[in-house]
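Structure file target.tsv (TSV, C-alpha atoms and all ligand atoms) is printed below.
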```tsv
chain	number	residue	atom	x	y	z
A	1	MET	CA	40.52	-7.33	-2.08
A	2	PHE	CA	37.62	-4.95	-1.48
A	3	ARG	CA	35.16	-7.51	-2.78
A	4	THR	CA	36.59	-10.17	-0.47
A	5	LEU	CA	36.28	-7.81	2.47
A	6	LEU	CA	32.74	-6.99	1.47
A	7	PHE	CA	31.89	-10.65	1.16
A	8	PHE	CA	33.48	-11.39	4.51
A	9	LYS	CA	31.55	-8.58	6.16
A	10	ARG	CA	28.29	-9.79	4.67
A	11	TRP	CA	29.02	-13.36	5.68
A	12	ILE	CA	29.74	-12.35	9.29
A	13	TYR	CA	26.59	-10.28	9.29
A	14	THR	CA	24.53	-13.23	8.03
A	15	VAL	CA	25.97	-15.55	10.66
A	16	LEU	CA	25.47	-13.03	13.44
A	17	THR	CA	21.88	-12.28	12.45
A	18	PHE	CA	21.27	-16.00	12.24
A	19	PHE	CA	22.54	-16.77	15.73
A	20	PHE	CA	21.23	-13.65	17.38
A	21	SER	CA	17.99	-13.35	15.45
A	22	GLU	CA	17.72	-9.66	15.93
A	23	ASN	CA	16.75	-7.27	13.16
A	24	ARG	CA	17.64	-3.65	12.79
A	25	CYS	CA	14.82	-1.14	12.60
A	26	ILE	CA	14.60	-0.15	8.92
A	27	CYS	CA	14.04	3.44	9.96
A	28	CYS	CA	16.43	4.24	12.84
A	29	ASN	CA	18.69	1.17	12.78
A	30	SER	CA	18.17	0.35	16.44
A	31	PRO	CA	17.88	-3.36	17.29
A	32	VAL	CA	14.45	-4.97	17.18
A	33	TYR	CA	13.41	-8.46	18.11
A	34	GLY	CA	10.99	-9.76	15.53
A	35	GLY	CA	9.64	-7.38	12.91
A	36	PHE	CA	11.37	-4.56	11.13
A	37	LEU	CA	10.31	-1.44	12.95
A	38	CYS	CA	11.13	-0.52	16.54
A	39	ALA	CA	8.30	0.44	18.87
A	40	SER	CA	9.04	4.15	18.72
A	41	CYS	CA	9.23	4.28	14.89
A	42	LEU	CA	6.01	2.27	14.71
A	43	LYS	CA	4.38	4.81	16.98
A	44	ASN	CA	5.76	7.75	14.96
A	45	CYS	CA	4.34	6.29	11.74
A	46	ALA	CA	0.94	5.75	13.33
A	47	SER	CA	0.85	9.32	14.60
A	48	GLU	CA	1.84	10.54	11.12
A	49	ILE	CA	-1.33	8.81	9.87
A	50	THR	CA	-3.61	10.04	12.62
A	51	GLY	CA	-2.10	13.56	12.73
A	52	ASN	CA	-3.82	16.61	11.34
A	53	CYS	CA	-1.56	17.72	8.50
A	54	SER	CA	-3.38	19.47	5.66
A	55	ARG	CA	-3.94	17.18	2.70
A	56	CYS	CA	-4.95	17.58	-0.94
A	57	SER	CA	-8.73	17.30	-1.12
A	58	VAL	CA	-8.43	15.13	-4.25
A	59	CYS	CA	-5.52	12.72	-3.81
A	60	GLY	CA	-4.85	13.13	-0.08
A	61	LYS	CA	-1.19	14.01	-0.48
A	62	PRO	CA	0.18	16.10	2.39
A	63	LEU	CA	0.27	19.72	1.26
A	64	LEU	CA	3.38	21.87	1.63
A	65	SER	CA	2.73	25.39	0.42
A	66	GLU	CA	-0.42	24.75	-1.65
A	67	THR	CA	-3.93	25.23	-0.37
A	68	ASP	CA	-6.78	22.71	-0.80
A	69	ILE	CA	-5.57	20.97	-3.98
A	70	CYS	CA	-1.98	19.86	-4.71
A	71	SER	CA	-0.17	21.10	-7.81
A	72	ASP	CA	-0.34	17.65	-9.45
A	73	CYS	CA	-4.12	17.47	-9.15
A	74	ARG	CA	-4.40	21.07	-10.26
A	75	GLN	CA	-2.51	20.35	-13.48
A	76	LYS	CA	-3.64	16.84	-14.39
A	77	ARG	CA	-6.39	15.63	-12.15
A	78	ILE	CA	-7.66	12.17	-13.04
A	79	LEU	CA	-9.36	11.11	-9.84
A	80	PHE	CA	-13.01	12.13	-10.14
A	81	SER	CA	-15.08	9.21	-8.92
A	82	ALA	CA	-13.70	8.89	-5.38
A	83	ASP	CA	-15.27	10.56	-2.38
A	84	GLY	CA	-11.90	10.97	-0.76
A	85	CYS	CA	-8.43	9.53	-0.92
A	86	PHE	CA	-6.17	8.80	2.01
A	87	PRO	CA	-2.59	7.69	1.34
A	88	LEU	CA	-0.79	6.61	4.52
A	89	PHE	CA	2.72	7.69	3.53
A	90	THR	CA	4.60	9.43	0.78
A	91	TYR	CA	6.71	7.02	-1.26
A	92	ARG	CA	10.16	8.06	-0.05
A	93	LEU	CA	13.33	6.96	1.74
A	94	TRP	CA	13.08	4.00	4.09
A	95	LYS	CA	9.32	3.73	3.64
A	96	LYS	CA	9.91	3.06	-0.04
A	97	ASN	CA	12.28	0.31	1.05
A	98	MET	CA	9.58	-1.15	3.27
A	99	LEU	CA	7.31	-1.60	0.25
A	100	PHE	CA	10.15	-3.18	-1.73
A	101	MET	CA	10.80	-5.69	1.06
A	102	TRP	CA	7.13	-6.56	1.22
A	103	LYS	CA	6.42	-6.86	-2.48
A	104	MET	CA	9.71	-7.92	-4.03
A	105	GLN	CA	11.52	-9.71	-1.22
A	106	ASN	CA	8.38	-11.46	0.03
A	107	GLU	CA	8.84	-10.19	3.59
A	108	ARG	CA	5.34	-11.26	4.54
A	109	SER	CA	5.62	-10.27	8.19
A	110	LEU	CA	5.28	-6.68	6.94
A	111	SER	CA	1.64	-7.48	6.15
A	112	PHE	CA	0.99	-7.18	9.90
A	113	VAL	CA	2.67	-3.79	9.99
A	114	PHE	CA	0.69	-2.47	7.02
A	115	ALA	CA	-2.54	-3.88	8.47
A	116	TYR	CA	-1.81	-2.02	11.71
A	117	PHE	CA	-1.26	1.24	9.78
A	118	ALA	CA	-4.33	0.71	7.57
A	119	ALA	CA	-6.47	0.05	10.66
A	120	SER	CA	-5.21	3.32	12.20
A	121	ALA	CA	-6.22	5.11	9.01
A	122	MET	CA	-9.69	3.52	9.06
A	123	ARG	CA	-10.20	4.75	12.62
A	124	LYS	CA	-9.09	8.21	11.58
A	125	LEU	CA	-11.41	8.24	8.53
A	126	TYR	CA	-14.41	6.87	10.43
A	127	PRO	CA	-14.05	8.06	14.03
A	128	GLU	CA	-17.67	7.16	14.79
A	129	GLY	CA	-16.81	3.50	14.12
A	130	ASN	CA	-19.38	2.94	11.39
A	131	TYR	CA	-16.99	1.27	8.96
A	132	PRO	CA	-17.75	0.58	5.29
A	133	ALA	CA	-16.78	-2.64	3.54
A	134	ILE	CA	-13.16	-2.85	2.42
A	135	CYS	CA	-12.44	-3.91	-1.15
A	136	GLY	CA	-8.87	-4.65	-2.24
A	137	VAL	CA	-7.65	-3.79	-5.72
A	138	PRO	CA	-7.23	-7.20	-7.36
A	139	PRO	CA	-3.87	-8.27	-8.85
A	140	ARG	CA	-3.30	-8.65	-12.56
A	141	PRO	CA	-3.96	-12.20	-13.78
A	142	GLY	CA	-0.76	-14.24	-13.65
A	143	LYS	CA	0.71	-12.34	-10.69
A	144	LEU	CA	-0.23	-15.06	-8.23
A	145	ARG	CA	1.51	-17.66	-10.35
A	146	GLU	CA	4.65	-15.53	-10.60
A	147	ARG	CA	4.92	-14.30	-7.04
A	148	GLY	CA	2.93	-16.91	-5.15
A	149	TRP	CA	0.88	-14.47	-3.09
A	150	ASP	CA	-1.17	-11.32	-3.38
A	151	GLN	CA	-0.10	-8.61	-0.91
A	152	ILE	CA	-3.38	-6.71	-0.95
A	153	LYS	CA	-5.40	-9.86	-0.36
A	154	GLU	CA	-3.19	-10.74	2.59
A	155	LEU	CA	-3.50	-7.21	3.96
A	156	CYS	CA	-7.31	-7.48	3.71
A	157	PHE	CA	-7.15	-10.85	5.44
A	158	TYR	CA	-5.35	-9.36	8.45
A	159	LEU	CA	-7.67	-6.36	8.50
A	160	LYS	CA	-10.53	-8.84	8.83
A	161	VAL	CA	-8.96	-11.32	11.25
A	162	LEU	CA	-7.07	-8.92	13.53
A	163	TYR	CA	-9.26	-5.81	13.38
A	164	GLY	CA	-12.69	-7.12	12.43
A	165	PHE	CA	-13.24	-5.09	9.28
A	166	ARG	CA	-15.67	-6.37	6.67
A	167	ILE	CA	-14.00	-7.38	3.40
A	168	CYS	CA	-15.84	-7.54	0.07
A	169	SER	CA	-13.99	-8.72	-3.02
A	170	LEU	CA	-16.04	-6.85	-5.55
A	171	LEU	CA	-13.59	-6.54	-8.42
A	172	VAL	CA	-11.71	-8.76	-10.83
A	173	ARG	CA	-8.87	-7.64	-13.03
A	174	VAL	CA	-8.98	-8.78	-16.62
A	175	ASN	CA	-5.97	-7.12	-18.19
A	176	ARG	CA	-2.71	-9.04	-18.34
A	177	LYS	CA	-0.19	-6.32	-19.04
A	178	GLN	CA	2.01	-4.88	-16.33
A	179	GLN	CA	1.53	-1.18	-15.85
A	180	LYS	CA	4.89	0.00	-14.69
A	181	LYS	CA	6.46	0.01	-18.16
A	182	LEU	CA	3.77	2.27	-19.55
A	183	ASP	CA	3.76	6.04	-19.55
A	184	ARG	CA	0.99	8.05	-17.99
A	185	ALA	CA	-1.26	8.43	-21.04
A	186	ALA	CA	-0.93	4.73	-21.91
A	187	ARG	CA	-1.70	3.77	-18.31
A	188	ILE	CA	-4.88	5.76	-18.22
A	189	LYS	CA	-6.00	4.35	-21.54
A	190	GLN	CA	-5.19	0.79	-20.52
A	191	MET	CA	-7.00	1.10	-17.22
A	192	GLU	CA	-10.33	1.69	-18.92
A	193	GLY	CA	-11.92	-1.73	-18.97
A	194	SER	CA	-9.18	-3.40	-16.91
A	195	TYR	CA	-11.50	-4.25	-14.04
A	196	VAL	CA	-14.93	-5.84	-13.95
A	197	LEU	CA	-17.37	-6.54	-11.15
A	198	ARG	CA	-17.27	-10.00	-9.66
A	199	ASN	CA	-20.37	-11.96	-10.65
A	200	SER	CA	-23.28	-12.13	-8.22
A	201	CYS	CA	-21.77	-10.04	-5.43
A	202	ARG	CA	-23.99	-7.93	-3.22
A	203	ILE	CA	-23.07	-4.28	-3.62
A	204	PRO	CA	-22.50	-2.48	-0.31
A	205	GLU	CA	-23.58	1.11	0.13
A	206	ARG	CA	-20.15	2.37	1.19
A	207	VAL	CA	-16.73	1.02	0.21
A	208	VAL	CA	-13.11	1.70	1.05
A	209	LEU	CA	-10.94	0.70	-1.88
A	210	ILE	CA	-7.50	-0.40	-0.73
A	211	ASP	CA	-4.29	-0.45	-2.82
A	212	ASP	CA	-0.53	-0.32	-2.27
A	213	VAL	CA	0.69	2.69	-4.26
A	214	PHE	CA	-1.12	5.68	-5.72
A	215	THR	CA	0.99	6.61	-8.74
A	216	THR	CA	-1.09	8.39	-11.36
A	217	GLY	CA	-4.46	7.57	-9.80
A	218	SER	CA	-5.61	5.71	-12.92
A	219	THR	CA	-6.19	2.43	-11.04
A	220	ALA	CA	-8.12	4.15	-8.27
A	221	GLU	CA	-10.21	6.11	-10.75
A	222	SER	CA	-11.18	3.13	-12.90
A	223	CYS	CA	-12.09	1.02	-9.83
A	224	CYS	CA	-14.05	3.84	-8.19
A	225	ALA	CA	-15.91	4.63	-11.41
A	226	LEU	CA	-16.88	0.98	-11.74
A	227	LEU	CA	-18.07	0.75	-8.13
A	228	LYS	CA	-20.08	3.96	-8.44
A	229	LYS	CA	-21.69	2.68	-11.63
A	230	ALA	CA	-22.58	-0.54	-9.82
A	231	GLY	CA	-24.48	1.46	-7.21
A	232	VAL	CA	-21.99	2.13	-4.41
A	233	ARG	CA	-22.95	5.46	-2.93
A	234	ASN	CA	-19.67	6.42	-1.32
A	235	VAL	CA	-16.16	5.20	-2.23
A	236	LYS	CA	-13.04	6.28	-0.42
A	237	VAL	CA	-9.56	5.23	-1.50
A	238	LEU	CA	-6.96	4.11	1.01
A	239	THR	CA	-3.47	3.52	-0.33
A	240	LEU	CA	-0.33	2.64	1.61
A	241	PHE	CA	1.78	5.07	-0.40
A	242	ILE	CA	1.49	8.01	-2.74
A	243	VAL	CA	4.22	8.94	-5.22
A	244	ASP	CA	5.02	12.64	-5.06
B	1	ZN	ZN	13.25	2.63	14.77
B	2	ZN	ZN	-3.63	15.98	-5.10
```

In structure tokens, write the structure found in this file.
Ligand SMILES: [Zn+2]
Ligand SMILES: [Zn+2]
Amino acid sequence: MFRTLLFFKRWIYTVLTFFFSENRCICCNSPVYGGFLCASCLKNCASEITGNCSRCSVCGKPLLSETDICSDCRQKRILFSADGCFPLFTYRLWKKNMLFMWKMQNERSLSFVFAYFAASAMRKLYPEGNYPAICGVPPRPGKLRERGWDQIKELCFYLKVLYGFRICSLLVRVNRKQQKKLDRAARIKQMEGSYVLRNSCRIPERVVLIDDVFTTGSTAESCCALLKKAGVRNVKVLTLFIVD
């Protein structure tokens, strides 16, 4: 009985959303026409990025009671090669859902939203407007075949087309294994040698490395170390989320 009711409710919902193509804001549940965030939630998120909360000087996580360096980086710091790290949001609540919709449910219109947020972060990081080249973290080989698209590449595309940032694909990933099933120590070990420089690319002086989630920092560290070794003078990391 309950299942039938649930099915009926879902069916009505599907029909209604089909005929009145109106989404609900994934944050406050108010109606939105096109997109998934209402104007005021979009604005709140952007001001969260551009606001002046104190952040960890290593991983960029917003600090609560700590000073300068967060407790995670104090205990097990692995990010050494970056000249700064700026995660846009902490990986929680509805924002976590937003990443799931984008990556797992192929909600590609969210690429616009993330590009808008990433552009706000770039303006905050480089207020003088002298922007470095942006380099996306490349996907593991085989991901494109499985999922059909690469989120970070699409994000970089919009950052170029809509906001005029310079994109440089400097890295290639050579390791096939998925990381999420590995524990921390195994991840760090596996990351060494997972990325190589793309052949015959010109190395820019300054780079912003862009990725979706900062989990342990092992991906960021191995990419930054590689870029530094290749001659990049300054590498900052920009991630959409940080796990805390
Ligand atoms: Zn809203
Ligand atoms: Zn930290």

Would you pick out the contacts of A:Ile210 at 9 Å or less, using all atoms listed in the file, so that residues sharing its chain but fewer than 3 positions from it are not included, and give the list as a list of chain:residue names?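 Final neighbour list, sorted by chain and number: A:Ala118, A:Ile134, A:Cys135, A:Gly136, A:Val137, A:Ile152, A:Cys156, A:Ala220, A:Lys236, A:Val237, A:Leu238, A:Thr239, A:Leu240.
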
Now that the selection is made, can you save its residues with C-alpha atoms as a compact mmCIF listing (two decimals), keeping the file's coordinate frame?
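Output (result-v6.txt):
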```
# COMPACT_ATOMS: atom_id res chain seq x y z
CA ALA A 118 -4.33 0.71 7.57
CA ILE A 134 -13.16 -2.85 2.42
CA CYS A 135 -12.44 -3.91 -1.15
CA GLY A 136 -8.87 -4.65 -2.24
CA VAL A 137 -7.65 -3.79 -5.72
CA ILE A 152 -3.38 -6.71 -0.95
CA CYS A 156 -7.31 -7.48 3.71
CA ALA A 220 -8.12 4.15 -8.27
CA LYS A 236 -13.04 6.28 -0.42
CA VAL A 237 -9.56 5.23 -1.50
CA LEU A 238 -6.96 4.11 1.01
CA THR A 239 -3.47 3.52 -0.33
CA LEU A 240 -0.33 2.64 1.61
```

For atom CA of A:Ala225 and atom CA of A:Pro139, the interatomic separation in Å (one decimal): 17.8 Å

Long-range neighbours of A:Leu125 as a list in words, 12 Å cut-off, only C-alpha atoms, 5 positions minimum in chain: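 Everything that qualifies: Ile49, Thr50, Gly51, Asn52, Gly60, Asp83, Gly84, Cys85, Phe86, Pro87, Leu88, Ala118, Ala119, Ser120, Asn130, Tyr131, Pro132, Val208, Lys236, Val237 and Leu238 of chain A.
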
Distance query A:Phe89 at most 9 Å, only C-alpha atoms, self and fewer than 2 positions along chain excluded, as a PyMOL selection string: chain A and resi 45+48-49+61-62+87+91-92+95+239-243

What separation in Å, quoted to one decimal, exists between atom CA of A:Asp72 and atom CA of A:Cys59?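 One can read the atom CA of A:Asp72 to atom CA of A:Cys59 distance as 9.1 Å.
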
Around ligand ZN 2 (chain B), at most 10 Å away and counting all atoms listed in the file, which residues are there? Put them as a PyMOL selection string, please. chain A and resi 55-63+66+68-79+85+217+242+244

Could you tell me which of A:Asn23, A:Asn29, A:Ser47, A:Thr67 comes closest to ligand ZN 1 (chain B) if we count only C-alpha atoms and all ligand atoms?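 Answer, going by the shortest atom-to-atom distance: A:Asn29.
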
Pick out the residues no farther than 8 Å from ligand ZN 1 (chain B), counting only C-alpha atoms and all ligand atoms, and list them as a list in words.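 Selection of residues at most 8 Å from ligand ZN 1 (chain B): Arg24, Cys25, Ile26, Cys27, Cys28, Asn29, Ser30, Pro31, Leu37, Cys38, Ala39, Ser40, Cys41 and Leu42 of chain A.
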
Determine the nearest neighbour of A:Trp102 from the options A:Glu146, A:Glu154, A:Glu128, A:Asp183, counting all atoms listed in the file.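 Ranking A:Glu146, A:Glu154, A:Glu128, A:Asp183 by distance to A:Trp102, first place goes to A:Glu154.
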
From atom CA of A:Phe114 to atom CA of A:Asp212 the spacing works out at 9.6 Å

Between A:Ile167, A:Gly142, A:Cys223, A:Gly148, which residue has the minimum interatomic distance to A:Gln105, considering only C-alpha atoms?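 Comparing A:Ile167, A:Gly142, A:Cys223, A:Gly148 against A:Gln105, the winner is A:Gly148.
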
Which residue out of A:Val172, A:Tyr163, A:Thr216, A:Lys43 has the minimum interatomic distance to A:Arg123 when all atoms listed in the file are used?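 Nearest candidate to A:Arg123 out of A:Val172, A:Tyr163, A:Thr216, A:Lys43: A:Tyr163.
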
Considering only C-alpha atoms, state which residue in the set A:Ser81, A:Thr215, A:Asn44, A:Thr90 is at the smallest distance from A:Lys228.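 Using only C-alpha atoms, the shortest distance to A:Lys228 belongs to A:Ser81.
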
List the neighbours of A:Leu170 out to 7 Å using only C-alpha atoms; skip same-chain residues closer than 4 positions along the sequence, and give me the result as an MDAnalysis selection string. chainID A and resid 135 197:198 201

Nearest residue to A:Val207 from the set A:Lys143, A:Tyr116, A:Met122, A:Val174 (distances using only C-alpha atoms):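 Under the stated criterion, the closest residue is A:Met122.
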
Could I see stretch 60-83 of chain A restored to N, CA and C atoms, set down as an mmCIF file, in the frame of the given file?
```cif
data_model
loop_
_atom_site.group_PDB
_atom_site.id
_atom_site.type_symbol
_atom_site.label_atom_id
_atom_site.label_comp_id
_atom_site.auth_asym_id
_atom_site.auth_seq_id
_atom_site.Cartn_x
_atom_site.Cartn_y
_atom_site.Cartn_z
ATOM 1 N N GLY A 60 -5.212 13.367 -1.478
ATOM 2 C CA GLY A 60 -4.850 13.130 -0.080
ATOM 3 C C GLY A 60 -3.391 13.331 0.257
ATOM 4 N N LYS A 61 -2.612 13.777 -0.714
ATOM 5 C CA LYS A 61 -1.190 14.010 -0.480
ATOM 6 C C LYS A 61 -0.998 15.151 0.533
ATOM 7 N N PRO A 62 -0.052 14.992 1.469
ATOM 8 C CA PRO A 62 0.180 16.100 2.390
ATOM 9 C C PRO A 62 0.602 17.360 1.630
ATOM 10 N N LEU A 63 -0.002 18.488 1.978
ATOM 11 C CA LEU A 63 0.270 19.720 1.260
ATOM 12 C C LEU A 63 1.427 20.469 1.909
ATOM 13 N N LEU A 64 2.268 21.082 1.095
ATOM 14 C CA LEU A 64 3.380 21.870 1.630
ATOM 15 C C LEU A 64 2.996 23.346 1.631
ATOM 16 N N SER A 65 3.063 23.965 0.445
ATOM 17 C CA SER A 65 2.730 25.390 0.420
ATOM 18 C C SER A 65 1.371 25.629 -0.254
ATOM 19 N N GLU A 66 0.836 24.565 -0.919
ATOM 20 C CA GLU A 66 -0.420 24.750 -1.650
ATOM 21 C C GLU A 66 -1.602 24.812 -0.669
ATOM 22 N N THR A 67 -2.728 25.285 -1.190
ATOM 23 C CA THR A 67 -3.930 25.230 -0.370
ATOM 24 C C THR A 67 -4.997 24.400 -1.104
ATOM 25 N N ASP A 68 -5.673 23.563 -0.357
ATOM 26 C CA ASP A 68 -6.780 22.710 -0.800
ATOM 27 C C ASP A 68 -6.404 21.607 -1.792
ATOM 28 N N ILE A 69 -5.885 21.989 -2.972
ATOM 29 C CA ILE A 69 -5.570 20.970 -3.980
ATOM 30 C C ILE A 69 -4.079 21.042 -4.338
ATOM 31 N N CYS A 70 -3.408 19.880 -4.413
ATOM 32 C CA CYS A 70 -1.980 19.860 -4.710
ATOM 33 C C CYS A 70 -1.721 20.250 -6.164
ATOM 34 N N SER A 71 -0.483 20.617 -6.455
ATOM 35 C CA SER A 71 -0.170 21.100 -7.810
ATOM 36 C C SER A 71 -0.396 20.012 -8.860
ATOM 37 N N ASP A 72 -0.125 18.747 -8.499
ATOM 38 C CA ASP A 72 -0.340 17.650 -9.450
ATOM 39 C C ASP A 72 -1.812 17.565 -9.853
ATOM 40 N N CYS A 73 -2.689 17.582 -8.851
ATOM 41 C CA CYS A 73 -4.120 17.470 -9.150
ATOM 42 C C CYS A 73 -4.649 18.707 -9.859
ATOM 43 N N ARG A 74 -4.006 19.838 -9.591
ATOM 44 C CA ARG A 74 -4.400 21.070 -10.260
ATOM 45 C C ARG A 74 -4.103 20.985 -11.762
ATOM 46 N N GLN A 75 -2.929 20.407 -12.072
ATOM 47 C CA GLN A 75 -2.510 20.350 -13.480
ATOM 48 C C GLN A 75 -3.163 19.199 -14.244
ATOM 49 N N LYS A 76 -3.213 18.019 -13.628
ATOM 50 C CA LYS A 76 -3.640 16.840 -14.390
ATOM 51 C C LYS A 76 -4.478 15.907 -13.523
ATOM 52 N N ARG A 77 -5.531 16.436 -13.013
ATOM 53 C CA ARG A 77 -6.390 15.630 -12.150
ATOM 54 C C ARG A 77 -7.022 14.485 -12.926
ATOM 55 N N ILE A 78 -6.936 13.266 -12.386
ATOM 56 C CA ILE A 78 -7.660 12.170 -13.040
ATOM 57 C C ILE A 78 -8.565 11.412 -12.077
ATOM 58 N N LEU A 79 -8.498 11.780 -10.802
ATOM 59 C CA LEU A 79 -9.360 11.110 -9.840
ATOM 60 C C LEU A 79 -10.644 11.926 -9.658
ATOM 61 N N PHE A 80 -11.736 11.407 -10.202
ATOM 62 C CA PHE A 80 -13.010 12.130 -10.140
ATOM 63 C C PHE A 80 -14.094 11.350 -9.402
ATOM 64 N N SER A 81 -13.979 10.024 -9.439
ATOM 65 C CA SER A 81 -15.080 9.210 -8.920
ATOM 66 C C SER A 81 -14.984 8.878 -7.444
ATOM 67 N N ALA A 82 -13.860 9.215 -6.807
ATOM 68 C CA ALA A 82 -13.700 8.890 -5.380
ATOM 69 C C ALA A 82 -14.263 9.987 -4.502
ATOM 70 N N ASP A 83 -14.757 9.587 -3.337
ATOM 71 C CA ASP A 83 -15.270 10.560 -2.380
ATOM 72 C C ASP A 83 -14.221 10.901 -1.328
#
```
